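Notes follow the structure.
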Amino acid sequence: MKLGILVIQVLGIHVFLFLGAAVKKVVPLPIPASMFGLCLLFLALYFHIIKLEWVEKGANWLMAELLLFFIPSAVGIVNYDEIISVQGAEIVGLIGISTIIVVGMTALIAEMITRMKGSGQQ
């Protein structure tokens, strides 16, 4: 039963991915379809069109398995000697800097949300 619920919730999240792909075909912005889908999912949750419980377990499972999606690309990098070159060092540096920025912004936003919930605002 739990597996069925998990599968249905992951499929529900994929519906928003497909809706994002449809929006991408209509809106000529250089934004990935998955980002459009994520925004649509956020808006649906924010305006209570769908309930969090309808996608929460599926989203948690996808987040827990997220690392598996990066392993093939990380292993593939080992095949390229250019990573050790100057250009490779620049790429690795940019990846490191952008990762630090993303982690920092995530921490700031999480802290702001925690403060808002602590003071009773939402």
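Letters A, B, ... go to the chains of the structure tokens in the order shown; residues in each chain start at 1; ligands are counted from 1 in the same order.
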- Query: When DSSP works through the backbone of this structure, what residues of chain A end up as helix (DSSP H, G or I), shown as an MDAnalysis selection string?
  - Reply: chainID A and resid 2:26 33:46 52:54 56:64 66:77 81:84 86:118
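One finds CA of Ser98 (chain A) at 22.4 Å from CA of Ile113 (chain A).
Reported to one decimal place, the separation of CA of Lys57 (chain A) from CA of Val15 (chain A) is 15.7 Å.
For the pair CA of Gly20 (chain A) and CA of Leu40 (chain A), the separation is 7.2 Å.
Remark: for Met63 (chain A), the closest of the candidate residues A:Leu94, A:Leu17, A:Cys39, A:Val10 is A:Val10 (distances computed over only C-alpha atoms).
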- Task: Please identify all polymer residues within 9 Å of Val7 (chain A), counting only C-alpha atoms, omitting same-chain residues fewer than 5 positions from it, and present them as JSON, numbers by chain.
- Result: {"A": [2, 12, 58]}
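With only C-alpha atoms as the atoms that count, the residue of A:Ala89, A:Leu41, A:Ile97, A:Lys117 with the shortest distance to Trp54 (chain A) is A:Leu41.
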